[in-house]
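Shown below: coords.cif, with mmCIF, C-alpha atoms.
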```cif
data_input
#
loop_
_atom_site.group_PDB
_atom_site.id
_atom_site.type_symbol
_atom_site.label_atom_id
_atom_site.label_comp_id
_atom_site.auth_asym_id
_atom_site.auth_seq_id
_atom_site.Cartn_x
_atom_site.Cartn_y
_atom_site.Cartn_z
ATOM 1 C CA MET Z 1 88.420 102.678 96.528
ATOM 2 C CA MET Z 2 86.212 100.529 98.726
ATOM 3 C CA GLN Z 3 82.460 100.896 98.870
ATOM 4 C CA THR Z 4 81.067 102.449 102.045
ATOM 5 C CA GLU Z 5 77.652 101.479 103.366
ATOM 6 C CA THR Z 6 75.419 103.668 105.517
ATOM 7 C CA MET Z 7 74.773 102.380 109.032
ATOM 8 C CA THR Z 8 73.925 104.035 112.319
ATOM 9 C CA ILE Z 9 76.961 105.058 114.358
ATOM 10 C CA PRO Z 10 76.423 104.488 118.116
ATOM 11 C CA GLU Z 11 75.751 107.769 119.896
ATOM 12 C CA ALA Z 12 78.296 106.950 122.606
ATOM 13 C CA ILE Z 13 81.200 107.235 120.162
ATOM 14 C CA THR Z 14 79.833 109.808 117.723
ATOM 15 C CA PRO Z 15 81.960 112.598 119.288
ATOM 16 C CA LEU Z 16 85.088 110.484 118.828
ATOM 17 C CA ILE Z 17 84.337 109.783 115.187
ATOM 18 C CA GLU Z 18 83.524 113.402 114.415
ATOM 19 C CA THR Z 19 86.771 114.561 116.027
ATOM 20 C CA LEU Z 20 89.124 112.139 114.278
ATOM 21 C CA GLU Z 21 90.633 112.968 110.919
ATOM 22 C CA HIS Z 22 91.777 110.276 108.468
ATOM 23 C CA VAL Z 23 89.522 107.553 109.867
ATOM 24 C CA LEU Z 24 88.281 104.203 108.586
ATOM 25 C CA PHE Z 25 85.189 103.303 110.590
ATOM 26 C CA ILE Z 26 83.978 99.691 110.510
ATOM 27 C CA THR Z 27 80.649 98.718 112.110
ATOM 28 C CA ASP Z 28 79.869 95.013 112.449
ATOM 29 C CA GLY Z 29 82.288 94.220 109.618
ATOM 30 C CA VAL Z 30 81.037 96.925 107.221
ATOM 31 C CA ILE Z 31 82.935 100.125 106.331
ATOM 32 C CA THR Z 32 80.589 102.956 107.353
ATOM 33 C CA LYS Z 33 82.945 105.924 107.128
ATOM 34 C CA ASN Z 34 86.148 106.494 105.162
ATOM 35 C CA THR Z 35 88.061 109.785 105.191
ATOM 36 C CA LEU Z 36 91.451 108.425 104.108
ATOM 37 C CA ASP Z 37 91.149 109.591 100.498
ATOM 38 C CA SER Z 38 93.605 112.450 100.924
ATOM 39 C CA LEU Z 39 96.410 110.225 102.208
ATOM 40 C CA PRO Z 40 98.979 108.473 99.971
ATOM 41 C CA LEU Z 41 97.946 104.928 100.804
ATOM 42 C CA THR Z 42 95.881 102.211 99.159
ATOM 43 C CA ILE Z 43 92.830 100.597 100.764
ATOM 44 C CA GLU Z 44 91.461 97.469 99.161
ATOM 45 C CA HIS Z 45 90.444 93.866 99.598
ATOM 46 C CA THR Z 46 93.244 91.812 98.056
ATOM 47 C CA THR Z 47 93.913 88.113 97.719
ATOM 48 C CA ASP Z 48 97.367 87.751 99.234
ATOM 49 C CA GLN Z 49 97.265 84.331 100.871
ATOM 50 C CA ALA Z 50 100.780 83.541 99.594
ATOM 51 C CA MET Z 51 102.196 86.478 101.528
ATOM 52 C CA ILE Z 52 100.233 85.579 104.649
ATOM 53 C CA ALA Z 53 101.402 81.969 104.460
ATOM 54 C CA ALA Z 54 105.015 83.059 103.974
ATOM 55 C CA TYR Z 55 105.277 85.711 106.666
ATOM 56 C CA PHE Z 56 102.532 85.097 109.223
ATOM 57 C CA LYS Z 57 102.540 81.386 109.948
ATOM 58 C CA SER Z 58 101.049 80.465 113.303
ATOM 59 C CA ASP Z 59 100.419 77.351 115.376
ATOM 60 C CA ASN Z 60 97.498 79.105 117.067
ATOM 61 C CA PRO Z 61 94.310 77.456 115.708
ATOM 62 C CA ILE Z 62 92.296 80.657 116.275
ATOM 63 C CA ILE Z 63 94.673 82.655 114.070
ATOM 64 C CA THR Z 64 94.839 79.919 111.424
ATOM 65 C CA THR Z 65 91.047 79.683 111.209
ATOM 66 C CA ASN Z 66 90.746 83.463 110.955
ATOM 67 C CA GLN Z 67 93.287 83.553 108.111
ATOM 68 C CA GLN Z 68 91.490 80.784 106.239
ATOM 69 C CA ASN Z 69 88.126 82.514 106.629
ATOM 70 C CA HIS Z 70 89.508 85.784 105.256
ATOM 71 C CA GLU Z 71 91.022 84.795 101.928
ATOM 72 C CA VAL Z 72 90.533 88.409 100.797
ATOM 73 C CA PRO Z 73 91.520 90.518 103.825
ATOM 74 C CA LEU Z 74 91.100 94.256 104.187
ATOM 75 C CA THR Z 75 94.482 95.649 103.109
ATOM 76 C CA LEU Z 76 96.260 98.943 103.730
ATOM 77 C CA LYS Z 77 99.362 99.535 101.620
ATOM 78 C CA VAL Z 78 101.971 102.306 101.924
ATOM 79 C CA LYS Z 79 104.245 102.441 98.889
ATOM 80 C CA LYS Z 80 108.031 102.568 98.869
ATOM 81 C CA GLY Z 81 109.493 105.773 100.282
ATOM 82 C CA THR Z 82 106.109 107.214 101.297
ATOM 83 C CA LYS Z 83 106.034 109.056 104.620
ATOM 84 C CA ILE Z 84 102.537 109.518 106.037
ATOM 85 C CA ASP Z 85 102.748 112.333 108.586
ATOM 86 C CA GLN Z 86 99.123 112.193 109.761
ATOM 87 C CA PRO Z 87 97.968 109.260 111.939
ATOM 88 C CA VAL Z 88 95.564 106.779 110.375
ATOM 89 C CA HIS Z 89 92.669 105.718 112.624
ATOM 90 C CA ILE Z 90 90.839 102.405 112.220
ATOM 91 C CA VAL Z 91 87.787 102.039 114.466
ATOM 92 C CA TYR Z 92 86.080 98.665 114.822
ATOM 93 C CA VAL Z 93 82.679 98.767 116.543
ATOM 94 C CA HIS Z 94 80.505 95.769 117.334
ATOM 95 C CA THR Z 95 76.869 96.639 118.044
ATOM 96 C CA LYS Z 96 74.620 93.788 116.917
ATOM 97 C CA GLN Z 97 76.584 90.644 116.236
ATOM 98 C CA SER Z 98 79.765 88.666 116.763
ATOM 99 C CA VAL Z 99 82.318 89.369 114.040
ATOM 100 C CA SER Z 100 85.597 87.974 112.737
ATOM 101 C CA GLN Z 101 87.954 90.657 111.380
ATOM 102 C CA ASN Z 102 91.247 90.450 109.499
ATOM 103 C CA LEU Z 103 93.546 93.335 108.573
ATOM 104 C CA LEU Z 104 96.683 93.199 106.407
ATOM 105 C CA VAL Z 105 99.045 96.197 106.432
ATOM 106 C CA LYS Z 106 102.035 96.501 104.082
ATOM 107 C CA LEU Z 107 104.744 99.111 104.552
ATOM 108 C CA GLU Z 108 107.199 98.959 101.675
ATOM 109 C CA ASP Z 109 110.874 99.947 102.038
ATOM 110 C CA ASN Z 110 111.565 103.383 103.586
ATOM 111 C CA ALA Z 111 107.868 104.016 104.264
ATOM 112 C CA SER Z 112 106.439 105.280 107.559
ATOM 113 C CA LEU Z 113 103.009 105.067 109.188
ATOM 114 C CA THR Z 114 101.282 105.768 112.495
ATOM 115 C CA LEU Z 115 98.295 103.441 112.882
ATOM 116 C CA ASN Z 116 95.767 103.962 115.685
ATOM 117 C CA GLU Z 117 93.445 100.995 116.159
ATOM 118 C CA TYR Z 118 90.292 101.029 118.287
ATOM 119 C CA ILE Z 119 88.253 97.891 119.045
ATOM 120 C CA MET Z 120 84.929 98.432 120.848
ATOM 121 C CA SER Z 121 81.798 96.453 121.646
ATOM 122 C CA PHE Z 122 78.450 97.487 123.115
ATOM 123 C CA ASP Z 123 76.841 94.109 123.773
ATOM 124 C CA ALA Z 124 77.603 90.465 124.537
ATOM 125 C CA HIS Z 125 79.673 89.644 121.455
ATOM 126 C CA THR Z 126 82.432 87.225 120.542
ATOM 127 C CA ILE Z 127 85.218 89.102 118.757
ATOM 128 C CA ASP Z 128 87.936 87.419 116.694
ATOM 129 C CA TYR Z 129 90.490 89.900 115.357
ATOM 130 C CA VAL Z 130 93.805 89.332 113.592
ATOM 131 C CA SER Z 131 96.073 92.037 112.174
ATOM 132 C CA GLN Z 132 99.128 91.171 110.075
ATOM 133 C CA VAL Z 133 101.706 93.868 109.419
ATOM 134 C CA PHE Z 134 104.638 93.604 107.009
ATOM 135 C CA VAL Z 135 107.320 96.261 107.598
ATOM 136 C CA GLY Z 136 109.904 96.690 104.830
ATOM 137 C CA GLN Z 137 113.556 97.701 105.013
ATOM 138 C CA ASN Z 138 114.197 100.975 106.862
ATOM 139 C CA ALA Z 139 110.444 101.425 107.294
ATOM 140 C CA GLN Z 140 108.974 102.868 110.482
ATOM 141 C CA LEU Z 141 105.719 101.861 112.151
ATOM 142 C CA ASN Z 142 104.010 103.329 115.210
ATOM 143 C CA TYR Z 143 101.110 101.020 116.069
ATOM 144 C CA HIS Z 144 98.685 101.980 118.859
ATOM 145 C CA GLY Z 145 95.903 99.601 119.881
ATOM 146 C CA LEU Z 146 93.055 100.435 122.278
ATOM 147 C CA VAL Z 147 90.540 97.781 123.354
ATOM 148 C CA ASN Z 148 87.335 98.711 125.198
ATOM 149 C CA LEU Z 149 84.765 95.922 125.358
ATOM 150 C CA ASN Z 150 81.402 95.267 126.966
ATOM 151 C CA ARG Z 151 81.537 93.221 130.170
ATOM 152 C CA GLU Z 152 79.626 90.328 128.590
ATOM 153 C CA SER Z 153 81.917 90.111 125.555
ATOM 154 C CA LEU Z 154 84.616 87.540 124.824
ATOM 155 C CA SER Z 155 87.544 88.423 122.563
ATOM 156 C CA SER Z 156 90.642 86.989 120.927
ATOM 157 C CA ILE Z 157 92.889 89.755 119.558
ATOM 158 C CA ASN Z 158 96.116 88.868 117.766
ATOM 159 C CA ARG Z 159 98.627 91.231 116.196
ATOM 160 C CA LEU Z 160 101.438 89.750 114.056
ATOM 161 C CA ILE Z 161 104.287 91.948 112.806
ATOM 162 C CA TYR Z 162 107.118 90.973 110.451
ATOM 163 C CA ALA Z 163 110.193 93.253 110.437
ATOM 164 C CA ASN Z 164 112.799 93.461 107.688
ATOM 165 C CA GLN Z 165 116.314 94.937 107.805
ATOM 166 C CA ALA Z 166 116.625 98.132 109.874
ATOM 167 C CA ALA Z 167 112.856 98.338 110.344
ATOM 168 C CA ASN Z 168 111.734 100.201 113.437
ATOM 169 C CA ILE Z 169 108.473 99.153 115.096
ATOM 170 C CA LYS Z 170 106.891 100.635 118.215
ATOM 171 C CA VAL Z 171 103.678 99.056 119.479
ATOM 172 C CA LYS Z 172 101.645 100.474 122.355
ATOM 173 C CA THR Z 173 98.443 98.747 123.481
ATOM 174 C CA ALA Z 174 95.888 99.462 126.189
ATOM 175 C CA GLN Z 175 93.257 97.062 127.547
ATOM 176 C CA LEU Z 176 90.685 99.297 129.247
ATOM 177 C CA GLY Z 177 87.402 97.433 128.777
ATOM 178 C CA HIS Z 178 85.537 94.952 130.935
ATOM 179 C CA GLY Z 179 85.164 91.832 128.785
ATOM 180 C CA ASN Z 180 87.133 88.611 129.064
ATOM 181 C CA THR Z 181 89.993 88.737 126.585
ATOM 182 C CA GLN Z 182 93.086 87.044 125.240
ATOM 183 C CA GLN Z 183 95.472 89.404 123.457
ATOM 184 C CA ASP Z 184 98.764 88.508 121.772
ATOM 185 C CA THR Z 185 101.186 90.947 120.185
ATOM 186 C CA ARG Z 186 104.076 89.364 118.305
ATOM 187 C CA ILE Z 187 107.018 90.948 116.483
ATOM 188 C CA ASP Z 188 109.386 88.782 114.437
ATOM 189 C CA LEU Z 189 112.671 90.534 113.713
ATOM 190 C CA TYR Z 190 113.924 88.949 110.487
ATOM 191 C CA GLY Z 191 116.195 91.782 109.351
ATOM 192 C CA LYS Z 192 119.587 92.805 110.680
ATOM 193 C CA HIS Z 193 119.424 95.933 112.876
ATOM 194 C CA ALA Z 194 115.647 95.671 113.147
ATOM 195 C CA VAL Z 195 114.145 97.138 116.317
ATOM 196 C CA GLY Z 196 110.890 96.069 117.946
ATOM 197 C CA GLU Z 197 109.192 97.541 121.003
ATOM 198 C CA ILE Z 198 105.981 96.477 122.764
ATOM 199 C CA LYS Z 199 104.512 98.499 125.636
ATOM 200 C CA THR Z 200 101.248 97.398 127.217
ATOM 201 C CA VAL Z 201 98.875 98.784 129.857
ATOM 202 C CA ALA Z 202 95.937 96.761 131.197
ATOM 203 C CA LEU Z 203 93.220 97.391 133.797
ATOM 204 C CA THR Z 204 90.811 94.689 134.963
ATOM 205 C CA SER Z 205 87.921 94.762 137.438
ATOM 206 C CA LYS Z 206 85.162 92.693 139.071
ATOM 207 C CA THR Z 207 85.295 89.107 137.725
ATOM 208 C CA GLN Z 208 87.009 89.976 134.450
ATOM 209 C CA GLU Z 209 89.751 87.718 133.076
ATOM 210 C CA ALA Z 210 92.521 88.961 130.765
ATOM 211 C CA VAL Z 211 95.568 87.127 129.424
ATOM 212 C CA ILE Z 212 98.013 89.367 127.557
ATOM 213 C CA ARG Z 213 101.148 88.128 125.817
ATOM 214 C CA SER Z 214 103.971 90.131 124.263
ATOM 215 C CA ILE Z 215 106.444 88.198 122.120
ATOM 216 C CA ILE Z 216 109.547 89.401 120.269
ATOM 217 C CA GLU Z 217 111.671 86.858 118.428
ATOM 218 C CA HIS Z 218 115.109 87.652 117.021
ATOM 219 C CA HIS Z 219 115.735 85.812 113.749
ATOM 220 C CA ALA Z 220 118.562 88.146 112.652
ATOM 221 C CA PRO Z 221 121.799 89.380 114.225
ATOM 222 C CA ALA Z 222 122.164 92.844 115.750
ATOM 223 C CA SER Z 223 118.422 93.152 116.354
ATOM 224 C CA GLU Z 224 116.896 94.758 119.422
ATOM 225 C CA GLY Z 225 113.673 94.072 121.336
ATOM 226 C CA LEU Z 226 111.998 95.756 124.289
ATOM 227 C CA ILE Z 227 108.935 94.561 126.234
ATOM 228 C CA GLU Z 228 107.243 96.582 128.983
ATOM 229 C CA GLN Z 229 103.947 95.583 130.649
ATOM 230 C CA TYR Z 230 101.989 97.449 133.323
ATOM 231 C CA GLY Z 231 98.725 96.369 134.909
ATOM 232 C CA VAL Z 232 96.241 96.778 137.730
ATOM 233 C CA ALA Z 233 93.887 93.934 138.697
ATOM 234 C CA ALA Z 234 91.058 95.208 140.923
ATOM 235 C CA ASP Z 235 88.333 93.355 142.818
ATOM 236 C CA GLU Z 236 88.253 89.626 141.982
ATOM 237 C CA SER Z 237 89.615 90.001 138.471
ATOM 238 C CA PHE Z 238 92.409 87.930 136.918
ATOM 239 C CA LEU Z 239 95.175 89.558 134.886
ATOM 240 C CA MET Z 240 98.126 87.649 133.493
ATOM 241 C CA PHE Z 241 101.046 89.075 131.540
ATOM 242 C CA GLU Z 242 103.454 86.894 129.623
ATOM 243 C CA GLY Z 243 106.524 88.438 128.013
ATOM 244 C CA ILE Z 244 108.832 86.418 125.771
ATOM 245 C CA GLY Z 245 112.015 87.763 124.231
ATOM 246 C CA LYS Z 246 113.750 84.978 122.293
ATOM 247 C CA ILE Z 247 117.111 85.302 120.561
ATOM 248 C CA HIS Z 248 117.653 82.398 118.195
ATOM 249 C CA LYS Z 249 120.967 80.626 118.021
ATOM 250 C CA GLY Z 250 123.683 82.492 116.162
ATOM 251 C CA MET Z 251 121.961 85.891 116.207
ATOM 252 C CA ARG Z 252 124.953 87.700 117.650
ATOM 253 C CA LYS Z 253 124.856 91.245 119.016
ATOM 254 C CA SER Z 254 121.094 91.027 119.500
ATOM 255 C CA ILE Z 255 119.585 92.523 122.646
ATOM 256 C CA ALA Z 256 116.349 91.629 124.447
ATOM 257 C CA PHE Z 257 114.998 93.767 127.303
ATOM 258 C CA GLN Z 258 111.988 93.091 129.539
#
```
Show me the file's structure as structure tokens.
Amino acid sequence: MMQTETMTIPEAITPLIETLEHVLFITDGVITKNTLDSLPLTIEHTTDQAMIAAYFKSDNPIITTNQQNHEVPLTLKVKKGTKIDQPVHIVYVHTKQSVSQNLLVKLEDNASLTLNEYIMSFDAHTIDYVSQVFVGQNAQLNYHGLVNLNRESLSSINRLIYANQAANIKVKTAQLGHGNTQQDTRIDLYGKHAVGEIKTVALTSKTQEAVIRSIIEHHAPASEGLIEQYGVAADESFLMFEGIGKIHKGMRKSIAFQ
């Protein structure tokens, strides 16, 4: 089990942390609270660059640099056939410094997980976050991401998900903060009958700028993808959604909805 260091939790979110069960709380890159011990999953720092290179290749230089800088990423692993009924909460809080974060999640065959991810900042920080999720055959993932950032912050948030045969992935994200942000959520359907869904809500205000992309690529036949995006841009803010559903040649009976 990972070591947990003692740091001050910001008063503004103390009620949230005290209310949540099964939470991994990370302040400025350091695990400050861990109540996941009772759940059947493994938390560790593991060297798995071969897996990352094989399944999460990217032509985005921000993602590539993040991967290279985190040769030993924080890893959550759910073993084959394990069903986790209680949601797992991961809370990232930035209070004093700019931080680069990298998370690797592995769901083996027939496993299931609900992952709730919170990314927050309380000052003028630069946030670089990449999550990489491998979903095995017949595995089920519910992935919820909430971003709430300080107005002076700048963030790049990238979520990469690899789906095997008959995997079922549902991603819901909400951009509710005030900082300038670029957020990409990508699902690659590599297994036959895999299903991927991305639903996004975003609110912007004042002079905020937000660019949010949802991408589902079909690399296998009989796969299904759904993208839904909802937003409100108030005042002089700029909000751009980009949705891409791509069915590669020969992937018959695949369906892409937007």
Range 199-203 of chain Z: which residues within 12 Å, counting all atoms listed in the file, same-chain residues fewer than 2 positions away excluded, as a ChimeraX atom specification?
/Z:142-148,169-186,196-197,205-206,208-216,225-235,237-243,257-258
Create the file for the chosen residues now, containing C-alpha atoms and written as a CSV table (one decimal), keeping the file's coordinate frame.
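Okay, this is what ended up in selection.csv:
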```csv
chain,number,residue,atom,x,y,z
Z,142,ASN,CA,104.0,103.3,115.2
Z,143,TYR,CA,101.1,101.0,116.1
Z,144,HIS,CA,98.7,102.0,118.9
Z,145,GLY,CA,95.9,99.6,119.9
Z,146,LEU,CA,93.1,100.4,122.3
Z,147,VAL,CA,90.5,97.8,123.4
Z,148,ASN,CA,87.3,98.7,125.2
Z,169,ILE,CA,108.5,99.2,115.1
Z,170,LYS,CA,106.9,100.6,118.2
Z,171,VAL,CA,103.7,99.1,119.5
Z,172,LYS,CA,101.6,100.5,122.4
Z,173,THR,CA,98.4,98.7,123.5
Z,174,ALA,CA,95.9,99.5,126.2
Z,175,GLN,CA,93.3,97.1,127.5
Z,176,LEU,CA,90.7,99.3,129.2
Z,177,GLY,CA,87.4,97.4,128.8
Z,178,HIS,CA,85.5,95.0,130.9
Z,179,GLY,CA,85.2,91.8,128.8
Z,180,ASN,CA,87.1,88.6,129.1
Z,181,THR,CA,90.0,88.7,126.6
Z,182,GLN,CA,93.1,87.0,125.2
Z,183,GLN,CA,95.5,89.4,123.5
Z,184,ASP,CA,98.8,88.5,121.8
Z,185,THR,CA,101.2,90.9,120.2
Z,186,ARG,CA,104.1,89.4,118.3
Z,196,GLY,CA,110.9,96.1,117.9
Z,197,GLU,CA,109.2,97.5,121.0
Z,205,SER,CA,87.9,94.8,137.4
Z,206,LYS,CA,85.2,92.7,139.1
Z,208,GLN,CA,87.0,90.0,134.4
Z,209,GLU,CA,89.8,87.7,133.1
Z,210,ALA,CA,92.5,89.0,130.8
Z,211,VAL,CA,95.6,87.1,129.4
Z,212,ILE,CA,98.0,89.4,127.6
Z,213,ARG,CA,101.1,88.1,125.8
Z,214,SER,CA,104.0,90.1,124.3
Z,215,ILE,CA,106.4,88.2,122.1
Z,216,ILE,CA,109.5,89.4,120.3
Z,225,GLY,CA,113.7,94.1,121.3
Z,226,LEU,CA,112.0,95.8,124.3
Z,227,ILE,CA,108.9,94.6,126.2
Z,228,GLU,CA,107.2,96.6,129.0
Z,229,GLN,CA,103.9,95.6,130.6
Z,230,TYR,CA,102.0,97.4,133.3
Z,231,GLY,CA,98.7,96.4,134.9
Z,232,VAL,CA,96.2,96.8,137.7
Z,233,ALA,CA,93.9,93.9,138.7
Z,234,ALA,CA,91.1,95.2,140.9
Z,235,ASP,CA,88.3,93.4,142.8
Z,237,SER,CA,89.6,90.0,138.5
Z,238,PHE,CA,92.4,87.9,136.9
Z,239,LEU,CA,95.2,89.6,134.9
Z,240,MET,CA,98.1,87.6,133.5
Z,241,PHE,CA,101.0,89.1,131.5
Z,242,GLU,CA,103.5,86.9,129.6
Z,243,GLY,CA,106.5,88.4,128.0
Z,257,PHE,CA,115.0,93.8,127.3
Z,258,GLN,CA,112.0,93.1,129.5
```
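Selection check: the PyMOL selection byres ((chain Z and resi 64) around 12) on the shown file gives Z:Gln49, Z:Ile52, Z:Ala53, Z:Phe56, Z:Lys57, Z:Ser58, Z:Asp59, Z:Asn60, Z:Pro61, Z:Ile62, Z:Ile63, Z:Thr65, Z:Asn66, Z:Gln67, Z:Gln68, Z:Asn69, Z:His70, Z:Glu71, Z:Asn102, Z:Asp128, Z:Tyr129, Z:Val130, Z:Asn158.
Selection check: the PyMOL selection byres ((chain Z and resi 125) around 6) on the shown file gives Ser98, Asp123, Ala124, Thr126 and Ser153 of chain Z.
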Need to verify the contact set: Ser223 in chain Z, 10 Å, only C-alpha atoms, exclusion of same-chain residues closer than 3 positions in sequence. Can you return it as a compact mmCIF listing (two decimals) with C-alpha atoms, in the frame of the given file?
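Once written, result.txt looks like this:
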```
# COMPACT_ATOMS: atom_id res chain seq x y z
CA GLN Z 165 116.31 94.94 107.80
CA ALA Z 166 116.62 98.13 109.87
CA ALA Z 167 112.86 98.34 110.34
CA LEU Z 189 112.67 90.53 113.71
CA TYR Z 190 113.92 88.95 110.49
CA GLY Z 191 116.20 91.78 109.35
CA LYS Z 192 119.59 92.80 110.68
CA HIS Z 193 119.42 95.93 112.88
CA ALA Z 194 115.65 95.67 113.15
CA VAL Z 195 114.14 97.14 116.32
CA GLY Z 196 110.89 96.07 117.95
CA GLU Z 217 111.67 86.86 118.43
CA HIS Z 218 115.11 87.65 117.02
CA HIS Z 219 115.74 85.81 113.75
CA ALA Z 220 118.56 88.15 112.65
CA ILE Z 247 117.11 85.30 120.56
CA MET Z 251 121.96 85.89 116.21
CA ARG Z 252 124.95 87.70 117.65
CA LYS Z 253 124.86 91.24 119.02
CA SER Z 254 121.09 91.03 119.50
CA ILE Z 255 119.58 92.52 122.65
CA ALA Z 256 116.35 91.63 124.45
```
Distance in Å - CA of Ala222 in chain Z versus CA of Ala163 in chain Z
13.1 Å
Name the closest residue to Val30 in chain Z among the candidates Z:Tyr55, Z:Phe122, Z:Phe134, Z:Tyr92; distances are taken between atoms, counting all atoms listed in the file.
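Of the candidates, the smallest distance to Val30 in chain Z is held by Z:Tyr92.
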Evaluated on this file, the PyMOL selection byres ((chain Z and resi 113) around 9) picks out some residues - which ones are they, written as a ChimeraX atom specification?
/Z:78,82-88,107,111-112,114-115,139-143
Report the centre and edge lengths, in Å to one decimal, of an axis-aligned box enclosing every atom of range 108-123 of chain Z listed in the file, padded by 8 Å on each side, as AutoDock Vina command-line options.
```
--center_x 94.2 --center_y 99.9 --center_z 112.7 --size_x 50.7 --size_y 27.7 --size_z 38.1
```
Mind giving me the straight-line distance from CA of Asn34 in chain Z to CA of Val72 in chain Z in Å, one decimal?
19.1 Å
Please report the interatomic distance between CA of Phe25 in chain Z and CA of Leu39 in chain Z in Å with one decimal.
15.6 Å
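Of the residues listed (Z:Lys79, Z:Glu21, Z:Val105, Z:Ser100), Z:Val105 shows the shortest atom-to-atom separation from Thr46 in chain Z; distances use all atoms listed in the file.
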Among Z:Lys246, Z:Lys96, Z:Glu108, Z:Ala54, Ser121 in chain Z is approached most closely, using all atoms listed in the file, by Z:Lys96
Among Z:Leu76, Z:Ile157, Z:Ile90, Z:Leu149, Leu20 in chain Z is approached most closely, using only C-alpha atoms, by Z:Ile90
List the spatial neighbours of Val91 in chain Z as number ranges by chain - criterion: any atom at most 8 Å away, all atoms listed in the file, same-chain residues fewer than 3 positions off excluded.
Z: 23-26, 117-120
Which of these residues is nearest to Ile31 in chain Z, using only C-alpha atoms: Z:Asn150, Z:Gln101, Z:Asn138, Z:Ser156?
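Of Z:Asn150, Z:Gln101, Z:Asn138, Z:Ser156, the one nearest Ile31 in chain Z is Z:Gln101, counting only C-alpha atoms.
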